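J.: Next comes target.tsv, TSV, C-alpha atoms:
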```tsv
chain	number	residue	atom	x	y	z
A	266	MET	CA	25.39	24.40	-9.75
A	267	LEU	CA	26.97	24.42	-6.33
A	268	ASP	CA	30.32	26.11	-5.74
A	269	SER	CA	33.44	24.19	-6.68
A	270	SER	CA	34.23	23.08	-3.10
A	271	THR	CA	31.02	21.01	-2.79
A	272	ILE	CA	30.78	18.03	-5.08
A	273	PRO	CA	27.19	16.79	-5.48
A	274	PRO	CA	26.64	13.25	-4.12
A	275	SER	CA	27.23	10.53	-6.68
A	276	PRO	CA	24.24	8.52	-8.00
A	277	ARG	CA	25.38	5.57	-5.90
A	278	ALA	CA	25.60	7.74	-2.75
A	279	GLU	CA	22.07	9.08	-3.31
A	280	PHE	CA	20.62	5.58	-3.81
A	281	GLY	CA	22.53	4.27	-0.78
A	282	GLY	CA	21.29	7.18	1.32
A	283	GLY	CA	17.71	6.25	0.41
A	284	VAL	CA	18.30	2.60	1.30
A	285	ARG	CA	19.74	3.57	4.71
A	286	ALA	CA	16.86	5.98	5.40
A	287	GLU	CA	14.32	3.23	4.67
A	288	LEU	CA	15.88	0.33	6.63
A	289	PRO	CA	14.59	1.34	10.11
A	290	LEU	CA	11.04	1.50	8.71
A	291	LEU	CA	11.32	-2.13	7.59
A	292	LEU	CA	11.16	-3.12	11.28
A	293	GLY	CA	7.47	-2.29	11.16
A	294	VAL	CA	6.83	-3.25	7.54
A	295	VAL	CA	8.25	-6.79	7.57
A	296	PRO	CA	5.98	-8.12	10.39
A	297	PHE	CA	3.01	-6.43	8.67
A	298	GLY	CA	3.93	-8.12	5.37
A	299	MET	CA	4.22	-11.53	6.99
A	300	ILE	CA	0.90	-11.11	8.81
A	301	PHE	CA	-0.73	-10.02	5.53
A	302	GLY	CA	0.61	-13.21	3.93
A	303	VAL	CA	-0.98	-15.30	6.69
A	304	LEU	CA	-4.20	-13.27	6.61
A	305	GLY	CA	-4.54	-13.40	2.81
A	306	LEU	CA	-4.55	-17.21	2.91
A	307	ALA	CA	-7.03	-17.18	5.80
A	308	ALA	CA	-9.34	-14.87	3.79
A	309	GLY	CA	-9.44	-17.48	1.01
A	310	LEU	CA	-6.98	-16.09	-1.54
A	311	PRO	CA	-4.70	-18.67	-3.18
A	312	GLY	CA	-1.03	-18.33	-2.20
A	313	TRP	CA	0.09	-17.10	-5.63
A	314	ALA	CA	-2.56	-14.35	-5.52
A	315	VAL	CA	-1.40	-13.16	-2.08
A	316	VAL	CA	2.19	-12.88	-3.37
A	317	LEU	CA	1.10	-11.32	-6.68
A	318	SER	CA	-0.99	-8.67	-4.92
A	319	SER	CA	2.19	-7.35	-3.29
A	320	SER	CA	3.60	-6.36	-6.67
A	321	LEU	CA	0.33	-5.59	-8.54
A	322	ILE	CA	-1.36	-3.47	-5.83
A	323	PHE	CA	1.69	-2.81	-3.60
A	324	GLY	CA	-0.08	-1.15	-0.67
A	325	GLY	CA	-0.43	-2.77	2.77
A	326	ALA	CA	-3.82	-1.50	3.93
A	327	SER	CA	-5.36	-1.83	0.47
A	328	GLN	CA	-4.12	-5.43	0.12
A	329	VAL	CA	-5.69	-6.34	3.48
A	330	VAL	CA	-8.96	-4.80	2.31
A	331	PHE	CA	-8.66	-6.58	-1.05
A	332	ALA	CA	-8.25	-9.96	0.67
A	333	GLN	CA	-11.22	-9.32	2.97
A	334	LEU	CA	-13.47	-8.17	0.11
A	335	TRP	CA	-12.45	-11.11	-2.09
A	336	GLY	CA	-13.15	-13.51	0.77
A	337	ALA	CA	-16.64	-11.99	1.09
A	338	ALA	CA	-17.39	-12.44	-2.66
A	339	THR	CA	-17.68	-8.69	-3.28
A	340	PRO	CA	-18.56	-7.50	-6.82
A	341	PRO	CA	-15.32	-6.47	-8.60
A	342	SER	CA	-16.55	-2.90	-9.24
A	343	VAL	CA	-17.12	-2.33	-5.51
A	344	THR	CA	-13.71	-3.83	-4.71
A	345	VAL	CA	-11.92	-1.55	-7.19
A	346	ALA	CA	-13.80	1.55	-5.93
A	347	THR	CA	-13.02	0.69	-2.30
A	348	ILE	CA	-9.31	0.17	-3.03
A	349	GLY	CA	-9.31	3.52	-4.85
A	350	VAL	CA	-10.71	5.30	-1.79
A	351	VAL	CA	-8.28	3.51	0.57
A	352	ASN	CA	-5.35	4.69	-1.58
A	353	LEU	CA	-6.71	8.17	-2.31
A	354	ARG	CA	-4.27	9.67	0.22
A	355	HIS	CA	-1.46	8.95	-2.24
A	356	LEU	CA	-2.71	11.93	-4.28
A	357	LEU	CA	-1.15	14.09	-1.56
A	358	TYR	CA	2.19	12.27	-1.83
A	359	SER	CA	2.11	12.54	-5.61
A	360	ALA	CA	1.51	16.29	-5.37
A	361	ALA	CA	4.26	16.66	-2.74
A	362	VAL	CA	7.01	14.95	-4.79
A	363	ALA	CA	5.89	16.19	-8.24
A	364	ASP	CA	8.03	19.35	-8.00
A	365	PHE	CA	11.17	17.36	-7.25
A	366	LEU	CA	10.64	15.00	-10.19
A	367	ARG	CA	9.79	17.65	-12.80
A	368	GLY	CA	11.94	17.33	-15.92
A	369	LEU	CA	12.74	13.65	-15.43
A	370	PRO	CA	12.13	11.28	-18.37
A	371	TRP	CA	8.80	9.42	-18.43
A	372	ARG	CA	10.32	6.07	-17.49
A	373	TRP	CA	11.56	7.59	-14.22
A	374	LYS	CA	8.19	9.17	-13.46
A	375	LEU	CA	6.41	5.85	-14.07
A	376	LEU	CA	8.89	3.87	-11.94
A	377	LEU	CA	8.93	6.31	-9.03
A	378	ALA	CA	5.12	6.63	-9.09
A	379	TYR	CA	4.84	2.82	-8.82
A	380	LEU	CA	7.20	2.86	-5.80
A	381	LEU	CA	5.47	5.80	-4.06
A	382	THR	CA	4.16	4.34	-0.78
A	383	ASP	CA	3.57	5.82	2.68
A	384	GLU	CA	6.93	4.60	3.99
A	385	ALA	CA	9.02	5.44	0.90
A	386	PHE	CA	7.50	8.93	0.84
A	387	ALA	CA	8.03	9.53	4.56
A	388	ALA	CA	11.70	8.45	4.41
A	389	ALA	CA	12.54	10.43	1.25
A	390	LEU	CA	10.70	13.71	1.84
A	391	PRO	CA	13.27	15.25	4.26
A	392	ARG	CA	16.08	14.68	1.70
A	393	LEU	CA	14.05	15.98	-1.25
A	394	ARG	CA	12.68	19.01	0.59
A	395	ASP	CA	15.66	20.10	2.70
A	396	GLY	CA	18.69	18.56	0.95
A	397	PRO	CA	20.74	20.06	-1.89
A	398	VAL	CA	19.23	20.36	-5.37
A	399	THR	CA	21.33	17.90	-7.37
A	400	PRO	CA	20.81	16.04	-10.66
A	401	HIS	CA	20.60	12.65	-8.95
A	402	ARG	CA	18.36	13.34	-5.97
A	403	HIS	CA	15.49	11.27	-7.44
A	404	LEU	CA	17.77	8.27	-6.83
A	405	PHE	CA	17.27	8.83	-3.10
A	406	LEU	CA	13.54	8.22	-3.62
A	407	LEU	CA	14.42	5.17	-5.73
A	408	GLY	CA	16.52	3.91	-2.79
A	409	THR	CA	13.70	4.26	-0.24
A	410	GLY	CA	11.09	2.93	-2.69
A	411	PHE	CA	13.10	-0.08	-3.85
A	412	THR	CA	14.10	-1.06	-0.29
A	413	LEU	CA	10.50	-0.99	0.85
A	414	TRP	CA	9.37	-2.88	-2.26
A	415	ALA	CA	11.94	-5.67	-1.76
A	416	GLY	CA	11.18	-5.96	1.97
A	417	TRP	CA	7.45	-6.11	1.27
A	418	GLN	CA	7.74	-8.80	-1.44
A	419	LEU	CA	9.96	-11.03	0.70
A	420	SER	CA	7.89	-10.63	3.87
A	421	THR	CA	4.57	-11.43	2.16
A	422	LEU	CA	6.20	-14.47	0.54
A	423	ALA	CA	7.50	-15.57	3.96
A	424	GLY	CA	4.02	-15.05	5.44
A	425	VAL	CA	2.44	-17.29	2.77
A	426	LEU	CA	5.09	-19.99	3.30
A	427	ILE	CA	4.78	-20.12	7.11
A	428	GLY	CA	1.12	-19.10	7.23
A	429	ALA	CA	-0.40	-22.51	7.73
A	430	ALA	CA	1.91	-23.20	10.69
A	431	ILE	CA	0.68	-20.29	12.85
A	432	PRO	CA	-2.15	-21.27	15.24
A	433	ALA	CA	-5.28	-19.10	15.06
A	434	ALA	CA	-5.25	-18.92	18.88
A	435	TRP	CA	-2.31	-16.50	18.67
A	436	SER	CA	-4.76	-13.90	17.27
A	437	LEU	CA	-1.99	-12.49	15.06
A	438	ASP	CA	-4.64	-10.88	12.84
A	439	PHE	CA	-5.10	-8.34	15.65
A	440	SER	CA	-1.67	-6.87	14.86
A	441	ILE	CA	-3.13	-5.45	11.63
A	442	ALA	CA	-5.75	-3.58	13.64
A	443	LEU	CA	-2.94	-2.43	15.96
A	444	THR	CA	-0.95	-1.11	12.97
A	445	PHE	CA	-4.00	0.83	11.82
A	446	ILE	CA	-4.52	2.16	15.38
A	447	ALA	CA	-0.93	3.45	15.50
A	448	LEU	CA	-1.25	5.08	12.05
A	449	LEU	CA	-4.58	6.64	13.05
A	450	VAL	CA	-3.28	8.11	16.31
A	451	LEU	CA	-0.30	9.58	14.42
A	452	ALA	CA	-2.66	11.03	11.76
A	453	VAL	CA	-4.96	12.79	14.24
A	454	HIS	CA	-3.85	16.39	14.79
A	455	ARG	CA	-7.20	18.17	15.18
A	456	ARG	CA	-10.59	17.47	16.72
A	457	SER	CA	-12.11	17.13	13.24
A	458	ASP	CA	-9.59	14.34	12.38
A	459	ALA	CA	-10.72	12.39	15.44
A	460	GLY	CA	-14.36	13.15	14.54
A	461	ALA	CA	-13.87	11.73	11.02
A	462	ALA	CA	-12.40	8.51	12.45
A	463	LEU	CA	-15.09	8.08	15.15
A	464	VAL	CA	-17.98	8.69	12.75
A	465	ALA	CA	-16.52	6.27	10.16
A	466	ALA	CA	-16.03	3.64	12.91
A	467	ALA	CA	-19.59	4.12	14.18
A	468	VAL	CA	-21.11	3.96	10.68
A	469	VAL	CA	-19.13	0.94	9.45
A	470	LEU	CA	-20.64	-1.52	11.98
A	471	PRO	CA	-24.31	-1.14	10.96
A	472	ALA	CA	-23.17	-0.54	7.34
A	473	MET	CA	-21.65	-4.04	7.27
A	474	ALA	CA	-25.18	-5.26	6.57
A	475	LEU	CA	-25.37	-3.24	3.31
A	476	PRO	CA	-25.52	-5.28	0.09
A	477	HIS	CA	-22.45	-5.76	-2.16
A	478	LYS	CA	-20.04	-4.98	0.74
A	479	LEU	CA	-20.58	-1.24	0.24
A	480	GLY	CA	-20.16	-0.67	3.99
A	481	LEU	CA	-16.53	0.45	3.95
A	482	LEU	CA	-17.13	2.98	1.16
A	483	VAL	CA	-20.24	4.39	2.85
A	484	ALA	CA	-18.48	4.61	6.23
A	485	ALA	CA	-15.40	6.32	4.74
A	486	LEU	CA	-17.57	8.90	2.97
A	487	ALA	CA	-19.56	9.51	6.18
A	488	GLY	CA	-16.28	10.02	8.08
A	489	ILE	CA	-14.90	12.46	5.48
A	490	ILE	CA	-18.14	14.50	5.49
A	491	ALA	CA	-18.13	14.51	9.31
A	492	GLY	CA	-14.53	15.77	9.31
A	493	LEU	CA	-15.39	18.58	6.90
A	494	LEU	CA	-18.44	19.59	8.97
A	495	LEU	CA	-16.50	19.47	12.26
A	496	ARG	CA	-13.72	21.77	11.00
A	497	ARG	CA	-15.40	24.76	12.66
A	498	PHE	CA	-14.72	23.22	16.09
A	499	ASP	CA	-10.96	23.04	15.50
A	500	GLY	CA	-8.70	25.53	17.25
A	501	LYS	CA	-7.17	28.36	15.22
A	502	LYS	CA	-3.70	26.81	14.94
A	503	THR	CA	-2.68	24.90	11.80
B	228	MET	CA	-15.34	-16.56	-8.48
B	229	SER	CA	-12.90	-17.66	-11.15
B	230	THR	CA	-9.14	-17.22	-11.38
B	231	THR	CA	-9.63	-14.86	-14.32
B	232	THR	CA	-11.97	-12.64	-12.28
B	233	LEU	CA	-9.47	-12.63	-9.43
B	234	LEU	CA	-6.60	-11.65	-11.73
B	235	LEU	CA	-8.59	-8.94	-13.52
B	236	THR	CA	-9.93	-7.46	-10.27
B	237	MET	CA	-6.46	-7.40	-8.75
B	238	ALA	CA	-4.97	-5.83	-11.89
B	239	ALA	CA	-7.71	-3.15	-11.89
B	240	CYS	CA	-7.01	-2.38	-8.21
B	241	GLY	CA	-3.31	-2.09	-9.06
B	242	ALA	CA	-4.03	0.19	-12.02
B	243	VAL	CA	-6.22	2.51	-9.91
B	244	THR	CA	-3.54	2.67	-7.19
B	245	PHE	CA	-0.80	3.35	-9.75
B	246	LEU	CA	-2.79	6.10	-11.48
B	247	ILE	CA	-3.42	7.82	-8.12
B	248	ARG	CA	0.32	7.75	-7.37
B	249	LEU	CA	1.19	8.93	-10.89
B	250	SER	CA	-1.42	11.73	-10.95
B	251	PHE	CA	0.50	14.84	-9.91
B	252	ILE	CA	3.92	13.45	-10.86
B	253	ALA	CA	2.89	13.09	-14.50
B	254	PHE	CA	-0.08	15.42	-14.98
B	255	GLY	CA	0.43	18.04	-12.25
B	256	HIS	CA	0.17	20.96	-14.65
B	257	HIS	CA	-3.25	19.75	-15.83
B	258	LEU	CA	-4.67	19.11	-12.36
B	259	PRO	CA	-6.45	21.75	-10.25
B	260	ASP	CA	-4.35	23.45	-7.59
B	261	ASP	CA	-7.33	23.79	-5.26
B	262	PRO	CA	-7.01	24.01	-1.46
B	263	ARG	CA	-10.47	22.42	-1.18
B	264	LEU	CA	-9.03	19.19	-2.63
B	265	THR	CA	-6.33	19.16	0.06
B	266	THR	CA	-8.96	19.80	2.75
B	267	PHE	CA	-11.06	16.89	1.46
B	268	LEU	CA	-8.06	14.55	1.22
B	269	ARG	CA	-7.02	15.43	4.77
B	270	TYR	CA	-9.96	13.42	6.15
B	271	VAL	CA	-9.45	10.34	3.96
B	272	PRO	CA	-6.81	8.62	6.16
B	273	PRO	CA	-8.60	9.03	9.54
B	274	ALA	CA	-11.97	8.04	8.03
B	275	ILE	CA	-10.56	4.96	6.25
B	276	LEU	CA	-8.54	3.87	9.30
B	277	GLY	CA	-11.52	4.32	11.63
B	278	ALA	CA	-13.69	2.23	9.28
B	279	LEU	CA	-11.00	-0.49	9.05
B	280	ILE	CA	-10.34	-0.70	12.81
B	281	ALA	CA	-13.91	-0.92	14.17
B	282	PRO	CA	-14.83	-4.32	12.61
B	283	GLU	CA	-11.50	-5.82	13.78
B	284	ILE	CA	-12.56	-5.04	17.37
B	285	PHE	CA	-16.35	-5.26	17.42
B	286	ALA	CA	-17.12	-7.79	14.66
B	287	VAL	CA	-14.40	-10.45	14.87
B	288	ASN	CA	-16.75	-13.26	13.88
B	289	GLY	CA	-18.54	-11.18	11.23
B	290	THR	CA	-21.51	-9.93	13.28
B	291	PRO	CA	-21.12	-6.57	15.03
B	292	GLY	CA	-21.70	-6.51	18.78
B	293	PHE	CA	-20.65	-4.51	21.80
B	294	ASP	CA	-19.47	-6.45	24.84
B	295	LEU	CA	-17.44	-5.08	27.77
B	296	ASN	CA	-15.93	-8.58	28.14
B	297	ASN	CA	-14.39	-8.32	24.67
B	298	PRO	CA	-10.60	-8.52	25.24
B	299	ARG	CA	-9.92	-6.81	21.88
B	300	LEU	CA	-11.75	-3.69	23.11
B	301	TRP	CA	-9.43	-3.28	26.10
B	302	ALA	CA	-6.29	-4.23	24.17
B	303	ALA	CA	-7.22	-1.63	21.53
B	304	LEU	CA	-7.67	1.07	24.19
B	305	ILE	CA	-4.26	0.20	25.66
B	306	ALA	CA	-2.83	0.43	22.11
B	307	VAL	CA	-4.39	3.88	21.59
B	308	VAL	CA	-2.77	5.16	24.80
B	309	THR	CA	0.56	3.54	23.80
B	310	ALA	CA	0.48	5.13	20.33
B	311	TRP	CA	-0.45	8.50	21.83
B	312	ARG	CA	2.32	8.44	24.44
B	313	THR	CA	5.14	6.85	22.37
B	314	ARG	CA	4.29	7.96	18.77
B	315	ASN	CA	5.83	4.58	17.85
B	316	VAL	CA	4.15	2.02	15.56
B	317	LEU	CA	6.22	-0.98	16.71
B	318	ALA	CA	5.70	-0.24	20.42
B	319	THR	CA	1.96	0.03	19.76
B	320	ILE	CA	1.83	-3.36	18.01
B	321	GLY	CA	4.02	-5.03	20.67
B	322	ILE	CA	2.18	-3.71	23.72
B	323	GLY	CA	-1.22	-4.21	22.07
B	324	MET	CA	-0.49	-7.88	21.29
B	325	LEU	CA	0.89	-8.50	24.81
B	326	ALA	CA	-2.24	-6.90	26.27
B	327	LEU	CA	-4.51	-9.11	24.14
B	328	TRP	CA	-2.61	-12.29	25.09
B	329	ALA	CA	-2.66	-11.36	28.79
B	330	LEU	CA	-6.41	-10.64	28.68
B	331	GLN	CA	-7.12	-13.88	26.78
B	332	ALA	CA	-4.93	-15.89	29.18
B	333	ALA	CA	-6.81	-14.40	32.14
B	334	ARG	CA	-10.05	-15.65	30.47
B	335	PHE	CA	-11.29	-12.12	30.60
```
Represent the supplied structure as structure tokens.
T.:
Amino acid sequence: MLDSSTIPPSPRAEFGGGVRAELPLLLGVVPFGMIFGVLGLAAGLPGWAVVLSSSLIFGGASQVVFAQLWGAATPPSVTVATIGVVNLRHLLYSAAVADFLRGLPWRWKLLLAYLLTDEAFAAALPRLRDGPVTPHRHLFLLGTGFTLWAGWQLSTLAGVLIGAAIPAAWSLDFSIALTFIALLVLAVHRRSDAGAALVAAAVVLPAMALPHKLGLLVAALAGIIAGLLLRRFDGKKT
Amino acid sequence: MSTTTLLLTMAACGAVTFLIRLSFIAFGHHLPDDPRLTTFLRYVPPAILGALIAPEIFAVNGTPGFDLNNPRLWAALIAVVTAWRTRNVLATIGIGMLALWALQAARF
């Protein structure tokens, strides 16, 4: 344990710290959630299904893809496989937080795994990695995860409720593409990252004609292979 | 498709997502600690995002097509520059939407 002069933060302080770390990220998440609510209805999902997807799937990009695939009458097996690939990056988050959650009871592992999203992970990692090793530090991750979860549920519900009132001429659906553009630019650190994105973008347009809506899966795989092949053109650093 | 199919498909998507998030947290000691897996996973986000963005710009009505008069193309390029310069998601969305509205209003 720490020396007697430093008292570890209380459970409440850890949870509150997580909540405060997550709040600024809600500025971006709440508009996204509302737009997803509007978009889900426009794609042909019933309102209850749009709201339910926020707790059952609980992943912004994958819910957008789910709504689009459902609207296009995609076979369920293709939909599930595509959602799996879209969320595959969470393997990295799971691996990154696993060390900090070792030794916790199963119910905590299950709960924190359910709440492990891009934003909850990003807001909690600095505390888990660089902060003191205390018995309650997993509550910081609960704070970020729960705050994001609550904000996401409420914003998708709001989107469904006001959805019908927003004119299509506002082109609000474009803000989802803009969110993806921002995330992509932030994710590109090497030439091979950019290569993976460009190849996937180039392949997806002709691949839209593939049967069973397999286009997104095929394009993603093409992009990943392109990234792996282009690694040799990256500089030496990182 | 029926309500049951919708519910089951959504539940299966949720289960797959949950199992991916649970993987290393619950079964880390059984999973391979292989740098090749990390290298492969590195390219998943850019590839997925690239594949999600392109149809939103070039196939708005469902059929892909390239047109220099497409306002979404120019708004997207402005958004890329904004994201690159500011590293800020909200600024990218705000400036990208303003750019699209301005281009549409100008009957580009």
J.: For the contact check between chain B and chain A, emit one row per residue of chain B within 8 Å, containing the shortest atom pair and the distance in Å rounded to one decimal, counting only C-alpha atoms, chain then rising number order, as a Markdown table.
T.:
```
| residue | atom | partner | partner_atom | distance |
| --- | --- | --- | --- | --- |
| B:Met228 | CA | A:Ala338 | CA | 7.4 |
| B:Thr232 | CA | A:Pro341 | CA | 7.9 |
| B:Leu234 | CA | A:Ala314 | CA | 7.9 |
| B:Thr236 | CA | A:Pro341 | CA | 5.7 |
| B:Met237 | CA | A:Ser318 | CA | 6.8 |
| B:Ala238 | CA | A:Leu321 | CA | 6.3 |
| B:Ala239 | CA | A:Val345 | CA | 6.5 |
| B:Cys240 | CA | A:Val345 | CA | 5.1 |
| B:Gly241 | CA | A:Ile322 | CA | 4.0 |
| B:Ala242 | CA | A:Ile322 | CA | 7.7 |
| B:Val243 | CA | A:Gly349 | CA | 6.0 |
| B:Thr244 | CA | A:Asn352 | CA | 6.2 |
| B:Phe245 | CA | A:Tyr379 | CA | 5.7 |
| B:Ile247 | CA | A:Leu356 | CA | 5.7 |
| B:Arg248 | CA | A:Ala378 | CA | 5.2 |
| B:Leu249 | CA | A:Ala378 | CA | 4.9 |
| B:Ser250 | CA | A:Ser359 | CA | 6.5 |
| B:Phe251 | CA | A:Ala360 | CA | 4.9 |
| B:Ile252 | CA | A:Ala363 | CA | 4.3 |
| B:Ala253 | CA | A:Lys374 | CA | 6.7 |
| B:Gly255 | CA | A:Ala363 | CA | 7.0 |
| B:Thr265 | CA | A:Leu357 | CA | 7.4 |
| B:Thr266 | CA | A:Leu493 | CA | 7.7 |
| B:Phe267 | CA | A:Ile489 | CA | 7.1 |
| B:Leu268 | CA | A:Arg354 | CA | 6.3 |
| B:Arg269 | CA | A:Arg354 | CA | 7.8 |
| B:Tyr270 | CA | A:Ile489 | CA | 5.1 |
| B:Val271 | CA | A:Ile489 | CA | 6.0 |
| B:Pro272 | CA | A:Arg354 | CA | 6.5 |
| B:Pro273 | CA | A:Ala462 | CA | 4.8 |
| B:Ala274 | CA | A:Ala462 | CA | 4.5 |
| B:Ile275 | CA | A:Ala485 | CA | 5.2 |
| B:Leu276 | CA | A:Phe445 | CA | 6.0 |
| B:Gly277 | CA | A:Ala462 | CA | 4.4 |
| B:Ala278 | CA | A:Ala466 | CA | 4.5 |
| B:Leu279 | CA | A:Ala466 | CA | 7.6 |
| B:Ile280 | CA | A:Ala442 | CA | 5.5 |
| B:Ala281 | CA | A:Ala466 | CA | 5.2 |
| B:Pro282 | CA | A:Leu470 | CA | 6.5 |
| B:Glu283 | CA | A:Ala442 | CA | 6.2 |
| B:Ile284 | CA | A:Ala442 | CA | 7.9 |
| B:Phe285 | CA | A:Leu470 | CA | 7.9 |
| B:Ala286 | CA | A:Leu470 | CA | 7.7 |
| B:Pro291 | CA | A:Leu470 | CA | 5.9 |
| B:Ala303 | CA | A:Leu443 | CA | 7.1 |
| B:Ala306 | CA | A:Leu443 | CA | 6.8 |
| B:Val307 | CA | A:Ile446 | CA | 6.4 |
| B:Ala310 | CA | A:Ala447 | CA | 5.3 |
| B:Trp311 | CA | A:Val450 | CA | 6.2 |
| B:Arg314 | CA | A:Leu451 | CA | 6.5 |
| B:Asn315 | CA | A:Ala447 | CA | 7.2 |
| B:Val316 | CA | A:Ala447 | CA | 5.3 |
| B:Leu317 | CA | A:Gly293 | CA | 5.8 |
| B:Thr319 | CA | A:Ala447 | CA | 6.2 |
| B:Ile320 | CA | A:Leu443 | CA | 5.3 |
| B:Gly323 | CA | A:Leu443 | CA | 6.6 |
| B:Met324 | CA | A:Ser440 | CA | 6.6 |
| B:Trp328 | CA | A:Trp435 | CA | 7.7 |
```
J.: Atom CA of Glu279 of chain A and atom CA of Gly410 of chain A are how many Å apart?
T.: 12.6 Å
J.: Grab the atom CA of Val287 of chain B to atom CA of Arg299 of chain B distance for me, in Å with one decimal place.
T.: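 Those two atoms sit 9.1 Å apart.
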J.: Check the smallest atom-to-atom distance from each of A:Gly500, A:Gly396, A:Pro476, A:Gly312 to Ala423 of chain A using all atoms listed in the file, then report the winner.
T.: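 Under the stated criterion, the closest residue is A:Gly312.
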J.: Quick one: distance from atom CA of Pro391 of chain A to atom CA of Arg263 of chain B in Å, one decimal?
T.: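 Taking atom CA of Pro391 of chain A as the start and atom CA of Arg263 of chain B as the end point, the length is 25.4 Å.
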J.: With only C-alpha atoms as the atoms that count, which of A:Pro432, A:Gly408, A:Gly424, A:Gly416 lies nearest to Gly283 of chain A?
T.: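 Ranking A:Pro432, A:Gly408, A:Gly424, A:Gly416 by distance to Gly283 of chain A, first place goes to A:Gly408.
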J.: Around segment 280-296 of chain B, with edges along x, y and z and 4 Å added on all six sides, what centre and edge lengths do you get, in Å to one decimal, as AutoDock Vina command-line options?
T.:
```
--center_x -16.0 --center_y -7.0 --center_z 19.7 --size_x 19.4 --size_y 20.6 --size_z 24.9
```
J.: Taking only N, CA and C atoms, show segment 443-457 of chain A of the given structure as a CSV table (one decimal), in the first residue's frame.
T.:
```
chain,number,residue,atom,x,y,z
A,443,LEU,N,-18.9,13.1,-41.3
A,443,LEU,CA,-17.9,14.1,-40.8
A,443,LEU,C,-17.3,13.5,-39.5
A,444,THR,N,-18.1,12.9,-38.6
A,444,THR,CA,-17.6,12.2,-37.4
A,444,THR,C,-16.6,11.2,-37.8
A,445,PHE,N,-16.9,10.3,-38.8
A,445,PHE,CA,-16.0,9.3,-39.3
A,445,PHE,C,-14.7,9.9,-39.9
A,446,ILE,N,-14.9,11.0,-40.6
A,446,ILE,CA,-13.7,11.7,-41.2
A,446,ILE,C,-12.7,12.2,-40.1
A,447,ALA,N,-13.3,12.8,-39.0
A,447,ALA,CA,-12.5,13.3,-37.9
A,447,ALA,C,-11.8,12.1,-37.2
A,448,LEU,N,-12.5,11.0,-37.0
A,448,LEU,CA,-11.9,9.8,-36.3
A,448,LEU,C,-10.8,9.2,-37.2
A,449,LEU,N,-11.1,9.2,-38.5
A,449,LEU,CA,-10.1,8.6,-39.5
A,449,LEU,C,-8.8,9.5,-39.5
A,450,VAL,N,-8.9,10.8,-39.6
A,450,VAL,CA,-7.7,11.7,-39.6
A,450,VAL,C,-6.9,11.5,-38.3
A,451,LEU,N,-7.6,11.4,-37.2
A,451,LEU,CA,-6.9,11.2,-35.9
A,451,LEU,C,-6.3,9.8,-35.8
A,452,ALA,N,-6.8,8.8,-36.6
A,452,ALA,CA,-6.3,7.4,-36.5
A,452,ALA,C,-5.1,7.2,-37.5
A,453,VAL,N,-4.9,8.2,-38.4
A,453,VAL,CA,-3.8,8.0,-39.4
A,453,VAL,C,-2.5,8.5,-38.9
A,454,HIS,N,-1.6,7.7,-38.6
A,454,HIS,CA,-0.2,8.1,-38.2
A,454,HIS,C,0.9,7.8,-39.2
A,455,ARG,N,0.6,6.8,-40.0
A,455,ARG,CA,1.6,6.4,-41.0
A,455,ARG,C,1.0,6.3,-42.4
A,456,ARG,N,1.9,6.2,-43.4
A,456,ARG,CA,1.4,6.1,-44.8
A,456,ARG,C,0.6,4.9,-44.9
A,457,SER,N,0.9,3.8,-44.3
A,457,SER,CA,0.2,2.6,-44.5
A,457,SER,C,-1.3,2.7,-43.9
```
